[in-house]
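Visitor: You'll find structure.cif just under this line, and it carries mmCIF, C-alpha atoms and all ligand atoms.
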```cif
data_upload
loop_
_atom_site.label_atom_id
_atom_site.label_comp_id
_atom_site.auth_asym_id
_atom_site.auth_seq_id
_atom_site.Cartn_x
_atom_site.Cartn_y
_atom_site.Cartn_z
CA MET G 264 -8.21 15.66 16.33
CA LYS G 265 -5.95 13.70 18.64
CA LEU G 266 -4.29 10.61 17.24
CA LYS G 267 -1.82 8.11 18.66
CA ILE G 268 0.44 7.06 15.82
CA ALA G 269 2.95 4.21 16.08
CA LEU G 270 5.96 4.77 13.85
CA LEU G 271 7.70 1.62 12.67
CA PRO G 272 10.59 2.73 10.44
CA GLY G 273 12.03 -0.78 9.98
CA ASP G 274 15.02 -1.40 7.74
CA GLY G 275 16.92 0.03 4.78
CA ILE G 276 15.40 3.27 3.55
CA GLY G 277 12.41 2.84 5.90
CA PRO G 278 13.70 5.29 8.53
CA GLU G 279 14.57 7.96 5.94
CA VAL G 280 11.21 7.94 4.19
CA LEU G 281 9.29 7.70 7.45
CA THR G 282 11.10 10.77 8.77
CA GLN G 283 9.70 12.70 5.80
CA ALA G 284 6.19 11.31 6.30
CA LYS G 285 6.27 12.33 9.96
CA LYS G 286 7.47 15.79 8.97
CA CYS G 287 4.44 16.11 6.71
CA LEU G 288 2.07 14.94 9.44
CA GLN G 289 3.59 17.53 11.75
CA ALA G 290 2.99 20.19 9.12
CA VAL G 291 -0.65 19.03 8.99
CA GLU G 292 -0.90 19.27 12.78
CA GLU G 293 0.31 22.83 12.65
CA ALA G 294 -1.71 23.94 9.65
CA PHE G 295 -4.97 22.36 10.80
CA ASN G 296 -4.57 22.47 14.54
CA HIS G 297 -4.44 18.76 15.33
CA SER G 298 -2.44 16.92 17.92
CA PHE G 299 -0.74 13.70 16.89
CA HIS G 300 1.38 11.74 19.30
CA TYR G 301 4.15 9.59 17.81
CA THR G 302 5.89 6.63 19.38
CA GLU G 303 8.62 4.74 17.60
CA ALA G 304 9.35 1.02 17.76
CA VAL G 305 11.53 -1.52 15.99
CA VAL G 306 10.43 -4.17 13.51
CA GLY G 307 12.17 -6.35 10.93
CA ALA G 308 15.91 -6.97 10.64
CA ILE G 309 16.79 -4.19 13.07
CA ALA G 310 14.46 -5.77 15.63
CA ILE G 311 16.11 -9.17 15.11
CA ASP G 312 19.51 -7.58 15.70
CA LYS G 313 18.29 -5.92 18.89
CA THR G 314 16.01 -8.55 20.37
CA GLY G 315 16.16 -11.71 18.28
CA ASP G 316 12.50 -11.22 17.30
CA PRO G 317 11.33 -9.43 14.11
CA LEU G 318 8.19 -8.31 15.96
CA PRO G 319 9.05 -7.76 19.64
CA GLU G 320 6.17 -7.86 22.14
CA ASP G 321 6.62 -4.15 22.96
CA THR G 322 6.22 -3.21 19.31
CA LEU G 323 3.07 -5.28 18.93
CA LYS G 324 1.61 -3.83 22.13
CA LEU G 325 2.33 -0.31 20.97
CA CYS G 326 0.62 -0.95 17.62
CA LYS G 327 -2.45 -2.46 19.29
CA ASN G 328 -2.73 0.56 21.58
CA SER G 329 -2.33 3.13 18.80
CA ASP G 330 -4.96 4.60 16.50
CA ALA G 331 -2.79 3.92 13.47
CA VAL G 332 0.55 2.50 12.47
CA LEU G 333 2.83 4.17 9.96
CA PHE G 334 5.28 1.64 8.60
CA GLY G 335 8.52 2.14 6.65
CA ALA G 336 9.96 -1.00 5.10
CA ILE G 337 11.57 -4.25 6.13
CA GLY G 338 14.12 -6.66 4.73
CA ALA G 339 17.88 -7.00 4.62
CA PRO G 340 20.24 -8.70 2.14
CA LYS G 341 21.76 -10.99 4.75
CA TYR G 342 18.36 -12.71 5.07
CA ASP G 343 17.40 -12.55 1.39
CA ASN G 344 20.55 -14.45 0.49
CA ASP G 345 20.11 -17.09 3.15
CA PRO G 346 17.12 -19.37 2.53
CA THR G 347 18.01 -21.41 5.62
CA ALA G 348 17.57 -18.47 8.03
CA LYS G 349 14.99 -19.53 10.61
CA VAL G 350 14.12 -16.01 11.70
CA ARG G 351 13.37 -13.54 8.89
CA PRO G 352 12.46 -9.83 8.93
CA GLU G 353 9.36 -10.48 6.77
CA GLN G 354 7.92 -12.64 9.55
CA GLY G 355 7.60 -9.44 11.58
CA LEU G 356 5.40 -7.78 8.98
CA LEU G 357 3.31 -10.89 8.38
CA ARG G 358 2.72 -11.39 12.10
CA LEU G 359 1.85 -7.74 12.49
CA ARG G 360 -0.77 -7.97 9.72
CA SER G 361 -2.19 -11.08 11.25
CA GLU G 362 -2.13 -9.93 14.91
CA LEU G 363 -3.73 -6.59 14.01
CA GLY G 364 -6.30 -8.31 11.77
CA LEU G 365 -5.42 -6.16 8.75
CA PHE G 366 -7.32 -8.22 6.22
CA SER G 367 -7.81 -5.58 3.56
CA ASN G 368 -4.83 -4.10 1.76
CA ILE G 369 -5.70 -1.17 -0.45
CA ARG G 370 -3.23 -0.15 -3.14
CA PRO G 371 -4.27 2.71 -5.41
CA VAL G 372 -2.49 2.98 -8.77
CA LYS G 373 -2.74 6.24 -10.67
CA VAL G 374 -0.74 7.76 -13.43
CA PHE G 375 0.85 11.04 -12.45
CA PRO G 376 0.36 13.28 -15.49
CA THR G 377 3.70 15.05 -15.05
CA LEU G 378 5.47 11.71 -14.97
CA ILE G 379 3.68 10.04 -17.84
CA GLU G 380 6.82 10.04 -20.00
CA LYS G 381 8.78 8.25 -17.27
CA SER G 382 6.78 5.06 -17.38
CA PRO G 383 8.36 2.18 -19.28
CA LEU G 384 4.97 1.85 -20.99
CA ARG G 385 3.82 4.11 -23.81
CA LYS G 386 1.81 7.17 -22.93
CA GLU G 387 -1.18 6.08 -25.05
CA ILE G 388 -1.38 2.85 -23.06
CA ILE G 389 -1.18 4.23 -19.55
CA SER G 390 -3.04 7.48 -19.95
CA GLY G 391 -6.17 7.50 -17.79
CA THR G 392 -5.01 4.71 -15.49
CA ASP G 393 -6.74 4.93 -12.14
CA PHE G 394 -7.46 1.71 -10.32
CA THR G 395 -7.29 0.38 -6.80
CA ILE G 396 -6.27 -3.10 -5.81
CA TYR G 397 -8.04 -4.69 -2.86
CA ARG G 398 -5.65 -7.43 -1.80
CA GLU G 399 -6.70 -9.91 0.89
CA LEU G 400 -3.87 -9.72 3.41
CA THR G 401 -4.23 -12.21 6.23
CA GLY G 402 -5.09 -15.48 4.52
CA GLY G 403 -4.26 -17.71 1.58
CA ILE G 404 -0.92 -19.28 0.79
CA TYR G 405 0.96 -16.77 2.95
CA PHE G 406 -0.65 -18.08 6.11
CA GLY G 407 -1.61 -21.67 5.28
CA GLU G 408 0.20 -24.66 6.76
CA LYS G 409 3.81 -25.00 5.59
CA THR G 410 5.68 -28.26 5.50
CA LEU G 411 9.17 -29.46 4.68
CA ASN G 412 10.03 -33.12 4.87
CA GLU G 413 12.91 -34.30 7.01
CA ALA G 414 15.23 -34.78 4.06
CA GLY G 415 14.51 -31.19 3.00
CA THR G 416 13.49 -32.36 -0.47
CA VAL G 417 9.72 -31.85 -0.48
CA ALA G 418 7.91 -28.68 0.64
CA SER G 419 4.34 -27.38 0.56
CA ASP G 420 2.34 -24.24 1.32
CA LEU G 421 -1.39 -24.54 1.75
CA CYS G 422 -3.71 -21.96 0.19
CA GLU G 423 -6.87 -21.91 2.28
CA TYR G 424 -9.75 -19.42 2.34
CA SER G 425 -13.02 -19.35 4.21
CA GLU G 426 -16.24 -17.73 3.08
CA MET G 427 -15.92 -15.22 5.93
CA GLU G 428 -12.42 -14.16 4.87
CA ILE G 429 -13.58 -13.61 1.31
CA SER G 430 -16.80 -11.83 2.10
CA ARG G 431 -15.43 -9.20 4.51
CA ILE G 432 -12.95 -7.82 1.96
CA ALA G 433 -15.40 -8.28 -0.92
CA HIS G 434 -17.85 -5.93 0.80
CA MET G 435 -15.13 -3.30 1.17
CA ALA G 436 -14.18 -3.65 -2.49
CA PHE G 437 -17.79 -3.38 -3.71
CA LYS G 438 -18.32 -0.27 -1.57
CA ALA G 439 -15.15 1.25 -3.01
CA ALA G 440 -16.35 0.46 -6.56
CA LYS G 441 -19.67 2.13 -5.77
CA SER G 442 -17.89 5.32 -4.79
CA ARG G 443 -15.70 5.19 -7.91
CA ARG G 444 -16.65 3.98 -11.40
CA ASN G 445 -18.87 1.02 -10.46
CA LYS G 446 -16.65 -1.70 -11.82
CA LEU G 447 -15.15 -4.60 -9.90
CA THR G 448 -12.84 -7.22 -11.35
CA LEU G 449 -12.23 -10.37 -9.36
CA VAL G 450 -8.83 -11.81 -10.24
CA ASP G 451 -8.40 -15.51 -9.55
CA LYS G 452 -7.34 -18.84 -11.05
CA ALA G 453 -10.73 -20.51 -10.93
CA ASN G 454 -9.89 -22.75 -13.87
CA VAL G 455 -7.38 -24.56 -11.64
CA LEU G 456 -7.77 -23.72 -7.95
CA GLU G 457 -10.59 -24.81 -5.65
CA SER G 458 -9.95 -21.77 -3.42
CA SER G 459 -10.46 -19.51 -6.45
CA ARG G 460 -13.77 -21.20 -7.22
CA LEU G 461 -14.91 -20.39 -3.68
CA TRP G 462 -13.88 -16.75 -4.23
CA ARG G 463 -16.02 -16.64 -7.41
CA LYS G 464 -19.02 -18.18 -5.70
CA VAL G 465 -18.89 -15.89 -2.65
CA VAL G 466 -18.13 -12.71 -4.61
CA THR G 467 -20.88 -13.42 -7.18
CA LYS G 468 -23.41 -13.84 -4.38
CA ILE G 469 -22.31 -10.63 -2.63
CA GLY G 470 -22.46 -8.83 -5.99
CA GLU G 471 -26.24 -9.30 -5.97
CA SER G 472 -26.44 -6.73 -3.17
CA TYR G 473 -24.49 -4.22 -5.25
CA PRO G 474 -26.52 -4.19 -8.48
CA GLU G 475 -25.01 -0.89 -9.65
CA VAL G 476 -21.51 -2.43 -9.69
CA ALA G 477 -20.55 -4.34 -12.84
CA LEU G 478 -18.67 -7.45 -11.74
CA ASP G 479 -16.31 -9.30 -14.03
CA PHE G 480 -13.72 -12.02 -13.63
CA LEU G 481 -10.21 -12.48 -14.93
CA PHE G 482 -7.77 -15.33 -14.52
CA VAL G 483 -4.61 -14.01 -12.93
CA ASP G 484 -2.36 -14.82 -15.89
CA ASN G 485 -4.65 -12.88 -18.19
CA ALA G 486 -4.93 -10.06 -15.62
CA ALA G 487 -1.13 -9.74 -15.56
CA MET G 488 -1.24 -9.28 -19.34
CA GLN G 489 -4.22 -6.90 -19.32
CA LEU G 490 -2.53 -4.64 -16.76
CA ILE G 491 0.21 -3.95 -19.28
CA LEU G 492 -1.98 -3.96 -22.41
CA ASN G 493 -4.75 -1.72 -21.14
CA PRO G 494 -4.47 -0.65 -17.48
CA ALA G 495 -7.14 2.05 -17.88
CA GLN G 496 -9.85 -0.65 -18.17
CA PHE G 497 -9.65 -1.36 -14.42
CA ASP G 498 -11.49 0.37 -11.60
CA VAL G 499 -11.37 -1.87 -8.51
CA ILE G 500 -9.45 -5.14 -8.61
CA LEU G 501 -10.26 -7.63 -5.87
CA THR G 502 -7.95 -10.55 -5.33
CA GLU G 503 -6.38 -12.97 -2.87
CA ASN G 504 -3.14 -12.44 -1.00
CA MET G 505 -0.41 -13.66 -3.34
CA PHE G 506 -2.01 -12.61 -6.62
CA GLY G 507 -2.45 -9.14 -5.11
CA ASP G 508 1.19 -9.04 -4.04
CA ILE G 509 2.37 -9.80 -7.56
CA LEU G 510 -0.11 -7.64 -9.45
CA SER G 511 0.51 -4.61 -7.25
CA ASP G 512 4.23 -4.62 -8.01
CA GLU G 513 3.37 -4.95 -11.67
CA GLY G 514 0.88 -2.10 -11.37
CA SER G 515 3.42 0.09 -9.63
CA VAL G 516 5.65 0.45 -12.70
CA ILE G 517 2.77 1.91 -14.70
CA GLY G 518 3.14 5.22 -12.88
CA GLY G 519 6.87 5.48 -13.49
CA SER G 520 8.30 4.60 -10.08
CA ILE G 521 7.49 2.18 -7.31
CA GLY G 522 8.61 5.01 -5.02
CA LEU G 523 5.26 6.73 -5.52
CA LEU G 524 2.71 4.21 -4.34
CA PRO G 525 1.16 4.21 -0.89
CA SER G 526 -1.03 1.60 0.72
CA ALA G 527 -3.44 1.15 3.56
CA SER G 528 -4.07 -2.07 5.46
CA ILE G 529 -7.36 -1.99 7.25
CA GLY G 530 -8.93 -4.29 9.81
CA THR G 531 -11.86 -3.99 12.14
CA GLU G 532 -9.82 -2.66 15.06
CA ASN G 533 -6.58 -1.41 13.53
CA ALA G 534 -5.15 0.34 10.51
CA MET G 535 -1.65 0.51 9.13
CA PHE G 536 -0.21 2.63 6.35
CA GLU G 537 2.92 1.85 4.38
CA PRO G 538 4.63 2.55 1.10
CA ILE G 539 4.48 -0.47 -1.17
CA HIS G 540 8.18 -0.34 -1.98
CA GLY G 541 10.66 -2.45 -0.06
CA SER G 542 13.67 -1.57 2.06
CA TYR G 543 15.97 -0.83 -0.94
CA PRO G 544 19.13 -1.52 1.10
CA GLN G 545 21.45 -0.28 -1.67
CA ALA G 546 20.09 3.23 -1.14
CA LYS G 547 20.19 3.21 2.65
CA GLY G 548 21.72 6.38 4.09
CA LEU G 549 22.38 7.93 0.66
CA ASP G 550 19.52 10.44 0.81
CA ILE G 551 18.23 9.29 -2.59
CA ALA G 552 15.12 7.29 -1.63
CA ASN G 553 11.84 8.70 -2.89
CA PRO G 554 9.77 9.75 0.15
CA ILE G 555 6.54 10.26 -1.81
CA ALA G 556 5.06 6.78 -1.28
CA ALA G 557 5.56 7.16 2.48
CA ILE G 558 4.13 10.69 2.44
CA LEU G 559 1.09 9.57 0.44
CA SER G 560 0.67 6.71 2.93
CA ALA G 561 0.45 9.39 5.63
CA ALA G 562 -2.22 11.07 3.47
CA MET G 563 -4.15 7.78 3.37
CA LEU G 564 -3.92 7.71 7.17
CA LEU G 565 -5.49 11.17 7.32
CA ASP G 566 -8.17 10.10 4.87
CA HIS G 567 -8.94 7.04 6.99
CA PHE G 568 -9.79 9.29 9.95
CA GLY G 569 -12.03 11.47 7.82
CA LEU G 570 -9.47 14.28 7.58
CA ASP G 571 -10.15 14.78 3.87
CA GLU G 572 -9.02 18.34 3.58
CA GLU G 573 -5.80 17.52 5.38
CA ALA G 574 -5.19 14.54 3.08
CA ARG G 575 -5.82 16.75 0.07
CA ALA G 576 -3.34 19.31 1.35
CA VAL G 577 -0.66 16.61 1.46
CA VAL G 578 -1.53 15.31 -2.01
CA SER G 579 -1.55 18.82 -3.36
CA ALA G 580 1.91 19.53 -1.91
CA VAL G 581 3.16 16.30 -3.49
CA ASN G 582 1.72 17.49 -6.81
CA LYS G 583 3.60 20.70 -6.46
CA SER G 584 6.91 18.92 -5.93
CA LEU G 585 6.31 16.82 -9.04
CA LYS G 586 5.30 19.81 -11.11
CA LYS G 587 8.34 21.80 -10.07
CA ASN G 588 10.53 18.73 -10.53
CA ILE G 589 11.63 18.78 -6.90
CA VAL G 590 12.07 15.02 -7.05
CA THR G 591 14.56 12.31 -6.13
CA PRO G 592 16.85 10.72 -8.76
CA ASP G 593 14.54 7.73 -9.42
CA LEU G 594 12.24 10.21 -11.16
CA ASP G 595 14.91 12.37 -12.72
CA ALA G 596 18.42 10.97 -12.96
CA LYS G 597 19.83 14.50 -13.14
CA SER G 598 18.01 15.69 -10.06
CA LYS G 599 20.19 17.19 -7.37
CA TYR G 600 17.50 16.86 -4.74
CA GLY G 601 17.57 14.23 -2.04
CA THR G 602 15.02 12.54 0.21
CA ASN G 603 15.27 15.21 2.85
CA HIS G 604 14.97 18.14 0.48
CA VAL G 605 11.90 16.68 -1.23
CA GLY G 606 10.35 15.98 2.20
CA ASN G 607 11.06 19.54 3.35
CA PHE G 608 9.56 20.99 0.18
CA ILE G 609 6.36 18.96 0.56
CA ALA G 610 6.04 19.70 4.29
CA ASP G 611 6.54 23.42 3.65
CA HIS G 612 3.83 23.47 1.01
CA ILE G 613 1.27 21.70 3.17
CA MET G 614 0.90 25.06 4.85
CA ASP G 615 -0.03 26.84 1.60
CA SER G 616 -3.75 27.15 2.08
CA GLU G 617 -4.56 28.26 -1.47
CA ASP G 618 -3.27 24.91 -2.69
CA HIS G 619 -5.75 22.92 -0.69
CA LEU G 620 -8.51 23.80 -3.08
CA ASN G 621 -6.45 23.21 -6.13
CA ILE G 622 -6.76 19.47 -6.13
CA ASN G 623 -7.70 18.59 -9.63
CA ASP G 624 -4.83 20.11 -11.52
CA GLU G 625 -2.74 17.00 -11.30
CA ASN G 626 -5.41 14.52 -10.46
CA ILE G 627 -3.15 12.23 -8.57
CA GLY G 628 -3.13 10.69 -5.22
CA LEU G 629 -5.47 8.63 -3.26
CA GLY G 630 -8.40 7.92 -5.49
CA LYS G 631 -11.84 8.84 -4.30
CA SER G 632 -12.91 7.43 -0.99
CA THR G 633 -10.83 4.33 -1.34
CA ILE G 634 -11.07 3.83 2.36
CA ILE G 635 -14.27 3.02 4.08
C1 LIG G 701 4.39 -6.43 0.27
C2 LIG G 701 5.69 -7.15 0.50
C3 LIG G 701 5.47 -8.22 1.55
C4 LIG G 701 4.44 -9.21 1.02
C5 LIG G 701 6.73 -8.96 2.00
C6 LIG G 701 7.80 -8.01 2.49
C7 LIG G 701 6.43 -10.00 3.06
O1 LIG G 701 6.17 -7.68 -0.68
O2 LIG G 701 3.89 -5.80 1.22
O3 LIG G 701 3.88 -6.47 -0.84
O4 LIG G 701 4.79 -10.14 0.28
O5 LIG G 701 3.27 -9.04 1.32
MN MN G 702 4.98 -7.18 -2.42
#
```
Could I get this file's structure written as C-alpha cells?
Ligand code: IPM
Ligand code: MN
Guide:
Amino acid sequence: MKLKIALLPGDGIGPEVLTQAKKCLQAVEEAFNHSFHYTEAVVGAIAIDKTGDPLPEDTLKLCKNSDAVLFGAIGAPKYDNDPTAKVRPEQGLLRLRSELGLFSNIRPVKVFPTLIEKSPLRKEIISGTDFTIYRELTGGIYFGEKTLNEAGTVASDLCEYSEMEISRIAHMAFKAAKSRRNKLTLVDKANVLESSRLWRKVVTKIGESYPEVALDFLFVDNAAMQLILNPAQFDVILTENMFGDILSDEGSVIGGSIGLLPSASIGTENAMFEPIHGSYPQAKGLDIANPIAAILSAAMLLDHFGLDEEARAVVSAVNKSLKKNIVTPDLDAKSKYGTNHVGNFIADHIMDSEDHLNINDENIGLGKSTII
C-alpha cells in the first residue's frame, strides 16, 4: 500500500518520540512491502517561533493533502506560564482538529499485564481493564464563543452541541461497542447542563438502532470516581470534548504510565494519530521520553487503513520490549535504556515474523476494531 503521511513532530519530546514511530513505520514498510511517503512540517510553539502562527498555512495544506497525519506533541512552558499570551501553541492543534474535521477522538485504555504492578492503583482493581473512550473533538466548550469583558474581570466559554455533532460520533461509538463487549456508557452532566440533556436524548434514540448494545449513563463526577473504583466495568465510554479530555488523562494512569497511550482522531476526510501525552518539556533532548504511545499511535494508523497484520506486528514488538524490560525510565527508574534504544528494539522486532501470530500473550494494544 502507498500512503502519504504528514509528520508533525511539534514541541518538547514530540520530535524524539515521532522519530521512533517513523522508524517503526519504516520497518513495517520493509517487512510487508509497503511504500509510505513522509513529509515533515511545523506546528505549535516551534511554528510560532518560525512563522508567528501555531498552524502555518503550509502545514495545514500538507495535512489536508496527506492520507494521514502523525502528530508528536505541542506546548511550551513560556506559554503555559503566560495567560496573557495572544498566540498559543495549543491553538495550532485545535485549529488542525477543526480544519481537518476530526470529530471523533478514540483513546483506548488497557492494562499491560507486565506493568500491572506499576500502576498507582492496586492490581485487584485494575486487572481486566480494557475500555475505549470516544471523545467528541471539534465541538463543545473548546470551540464555543469566548468572551472577556473590557475590564478583564468577567469571562465566558459557551458549550454548544448540535444533534448532528452528537449523532455522528455516537454512531461510531455504538459500532465500536458492537465489535467489542456490547456496552456503551454515555458520560455527561445531564442533571445540570442543557447540552448534556441533548446528548442523552440523541444517544438514547440512536441506541434503538443498536439493540445488542447495552446503553447506560453516568454523570461525569461519578464517572471520574468509577474509573478509579472499578475501571474494568467499562467497555466504550462516549462523551463530549472537555469531559473526554479530563477522563482520558485520568484513565491513562491506570496502565502505569501516560507514556503508553495512543490515540486516533478520525473525521470523514482525514485522520490523525497522536500519543495522548503532552510535550513534557523537562525531558526534551534527554533521551528519556517513552516512545511507546507514539509507536502505538502509528499502529492505530496502520489499523485505520486495514493493515491489521502490520498493526499487530507493531503491537507485538512493543509487547516484547515490555516483557524484556527494554523500557524507558518512566516504567523502570533503574532502566538504562533511552528513547532511541527502545525505538530501535521495537523497530528491529517488527521484522520477526513469528511474533506476528503471537498476539495474545500480552493482550495489550489497540483493542479490537476500535477504528471504523
Ligand atoms: C489533549 C490535550 C489537548 C486538549 C490540548 C493540548 C489542547 O490535552 O489532546 O488531550 O485539551 O484537547
Ligand atoms: Mn488532554
Visitor: Which chains and residue numbers are within 10 Å of ligand MN 702 (chain G), counting all atoms listed in the file, if I want them as a PyMOL selection string?
Guide: chain G and resi 504-513+539-541
Visitor: Would you mind listing what lies within 8 Å of Leu266 in chain G as a PyMOL selection string, with only C-alpha atoms counted and same-chain residues fewer than 6 positions away left out?
Guide: chain G and resi 298-300+329-331
Visitor: Which protein, DNA or RNA residues are at most 7 Å from (5.6, 6.0, -12.9) in the file's coordinates when you count only C-alpha atoms, listed as a list in words?
Guide: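 Those residues lying close to the given coordinates are Val374, Phe375, Leu378, Ile379, Lys381, Ser382, Val516, Ile517, Gly518, Gly519 and Ser520 of chain G.
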Visitor: Which one of G:Asp316, G:Asp611, G:Glu537, G:Glu423 sits closest to ligand LIG 701 (chain G) if you count only C-alpha atoms and all ligand atoms?
Guide: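 Under the stated criterion, the closest residue is G:Glu537.
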Visitor: Between G:Lys599, G:Arg370, G:Lys327, G:Lys587, which residue has the minimum interatomic distance to ligand LIG 701 (chain G), considering only C-alpha atoms and all ligand atoms?
Guide: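 Closest candidate: G:Arg370.
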Visitor: Can you work out the spacing between CA of Thr322 in chain G and CA of Val578 in chain G in Å, to one decimal?
Guide: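 It comes out at 29.3 Å.
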Visitor: Enter the distance from CA of Ala290 in chain G to CA of Ser584 in chain G, in Å, rounded to one decimal.
Guide: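 Answer for the CA of Ala290 in chain G to CA of Ser584 in chain G separation: 15.6 Å.
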Visitor: When you draw a straight line from CA of Lys386 in chain G to CA of Asp595 in chain G, how long is it in Å?
Guide: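 Separation of CA of Lys386 in chain G and CA of Asp595 in chain G: 17.4 Å.
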Visitor: How big is the axis-aligned box, and where does its centre sit, when it encloses all atoms of range 437-454 of chain G listed in the file and has 5 Å added on every side, reported in Å to one decimal as JSON?
Guide:
```
{"center_x": -13.5, "center_y": -8.7, "center_z": -7.7, "size_x": 22.3, "size_y": 38.1, "size_z": 22.3}
```
Visitor: Could you check which of G:Thr377, G:Asn454, G:Asn328, G:Asn368 is closest to ligand LIG 701 (chain G), using only C-alpha atoms and all ligand atoms?
Guide: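 For ligand LIG 701 (chain G), the nearest of the given residues is G:Asn368.
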Visitor: Point out the residue among G:Ala304, G:Leu565, G:Ile521, G:Leu411 with the least atom-to-atom distance to ligand LIG 701 (chain G), counting all atoms listed in the file.
Guide: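 Counting all atoms listed in the file, the residue closest to ligand LIG 701 (chain G) is G:Ile521.
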Visitor: Kindly indicate which residue among G:Ala576, G:Leu549, G:Val499, G:Ala308 lies nearest to Ala339 in chain G, using only C-alpha atoms for the distances.
Guide: G:Ala308
Visitor: With distances taken over all atoms listed in the file, which residue among G:Gln354, G:Asn533, G:Thr347, G:Thr467 lies nearest Gly415 in chain G?
Guide: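 The shortest atom-to-atom distance to Gly415 in chain G comes from G:Thr347.
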Visitor: Take the point (9.5, -3.7, 9.8) as written in the file and pick out every residue within 12 Å of it, counting all atoms listed in the file; give the list as a ChimeraX atom specification.
Guide: /G:270-278,281,303-311,316-319,322-323,332-339,351-360,535,537-538,541-542
Visitor: Write out as a count of residues only the residues lying within 9 Å of Leu501 in chain G, counting only C-alpha atoms and excluding same-chain residues fewer than 2 positions away.
Guide: 17
